[in-house]
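Down below is the structure, laid out as C-alpha cells.
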Amino acid sequence: MPNENFAAAWEAFRAQAVARSRLNRIAPPGNPSRLGYLALGLCGEAGEAVWAMTEGTPAERVSELGDVLWYLAMTEVESGVAAEWVSPPRSGFSGSTWRLMHAACAAAECIKRPVQGRELHKDALRLALTGVASALQSMARAARCTIEEAMAANVEKNHTRFGAEGFSIERQREMDAARARGEVSHVG
C-alpha cells in the first residue's frame with residue numbers, strides 16, 4: 001500500500017486529471033460514451049505500460065505507468081467507483097503485467113454494460129479497478145519508482161503536450177500528423 005500521504009496525493013491527482021481532461025469534448029456528462037472512451041484508454045495504456053516495462057527506458061516505464069494512473073483516476077471519477085489501494089501480492093514482474101492487463105480488461109467488461117444501456121455492476125468494477133491499482137503498485141516497484149513519481153510524470157507530460165489549458169483534440173491531431181511525418185516516434 002502507498003504511504004500515509006498517498007490518499008491526499010491521489011485526490012489531488014484525480015482533481016488535476018478532471019480539470020485538464022476536457023471530457024466534455026468527447027461526450028456530454030452522463031453519456032456512457034465517456035466511460036467507453038475511458039475503458040478503451042485504460043486498456044490501451046495498460047498495453048503500453050507492459051511494453052514499456054519489457055522494452056522501454058526507465059523514463060518510459062514511469063511515464064506509461066502515469067498514463068494508466070490517469071485513466072484509472074478518470075474512470076473512478078466518471079463511474080463513481082473507487083479502487084481500493086491495498087498491498088499487492090508479490091507476484092513478480094511477469095505476474096504484475098498479466099494482472100494489469102487482466103484487471104484493465106475486466107474493468108472494460110464492466111463498463112461495456114452501461115454503454116449498452118444496462119446497469120453498471122459497481123462491485124465488479126471496484127474489484128477490477130482495485131486489481132489495476134494493485135498491479136500498478138507492483139509494476140512501479142519493478143520500475144524502481146513510486147506511484148507518486150508516476151503521477152508527477154503524467155502531470156508533467158500532459159502539461160508539456162497540452163499546456164495550461166489541458167487536453168485538446170486539435171493538439172492531439174497535430175501530434176498524430178507529426179508522427180505520420182516521422183517527426184515523433186512514440187505512439188503514447
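Letters A, B, ... mark the chains of the C-alpha cells in the order given; residue numbers begin at 1 per chain; ligand numbers begin at 1, in order shown.
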
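Within the 8 Å cut-off around A:Ala133, using only C-alpha atoms and omitting residues fewer than 3 positions from it on the same chain, the listed residues are A:Leu72, A:Ala83, A:Glu84, A:Trp85, A:Leu129, A:Thr130, A:Leu136, A:Gln137.
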
Atom CA of A:Ala143 to atom CA of A:Gly163, distance in Å rounded to a single decimal: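 One can read the atom CA of A:Ala143 to atom CA of A:Gly163 distance as 27.4 Å.
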
Contacts of A:Val77 at 12 Å (only C-alpha atoms; same-chain gap of 6+ positions) as number ranges by chain: A: 10-11, 13-19, 21, 23, 29-30, 34-35, 38, 70-71, 83, 129

Would you export the selected residues with C-alpha atoms as a compact mmCIF listing (two decimals), in the first residue's frame, please?
```txt
# COMPACT_ATOMS: atom_id res chain seq x y z
CA TRP A 10 -4.28 10.63 -5.17
CA GLU A 11 -7.18 13.04 -4.61
CA PHE A 13 -4.07 13.88 -8.96
CA ARG A 14 -7.71 12.98 -9.65
CA ALA A 15 -8.76 16.63 -9.33
CA GLN A 16 -5.98 17.71 -11.68
CA ALA A 17 -6.94 14.99 -14.17
CA VAL A 18 -10.56 16.13 -14.19
CA ALA A 19 -9.62 19.79 -14.52
CA SER A 21 -9.28 16.24 -19.21
CA LEU A 23 -14.00 15.06 -21.45
CA PRO A 29 -21.65 14.49 -18.83
CA GLY A 30 -23.69 11.37 -18.10
CA ARG A 34 -17.38 8.82 -21.77
CA LEU A 35 -16.96 5.59 -19.79
CA LEU A 38 -12.03 5.71 -20.62
CA TRP A 70 -4.63 8.94 -15.33
CA TYR A 71 -7.19 6.58 -16.88
CA ALA A 83 -10.27 1.42 -6.38
CA LEU A 129 -10.09 -1.13 -10.54
```

Atom CA of A:Ala140 to atom CA of A:Arg161, distance in Å rounded to a single decimal: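 Interatomic distance here is 23.3 Å.
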
Top pick for closest residue to A:Met151, considering A:Leu65, A:Val81, A:Ala178, A:Ala39 and counting only C-alpha atoms: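 So, comparing all the options, the nearest one is A:Leu65.
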
Point-to-point distance from atom CA of A:Glu170 to atom CA of A:Val184, Å rounded to tenths: 16.7 Å
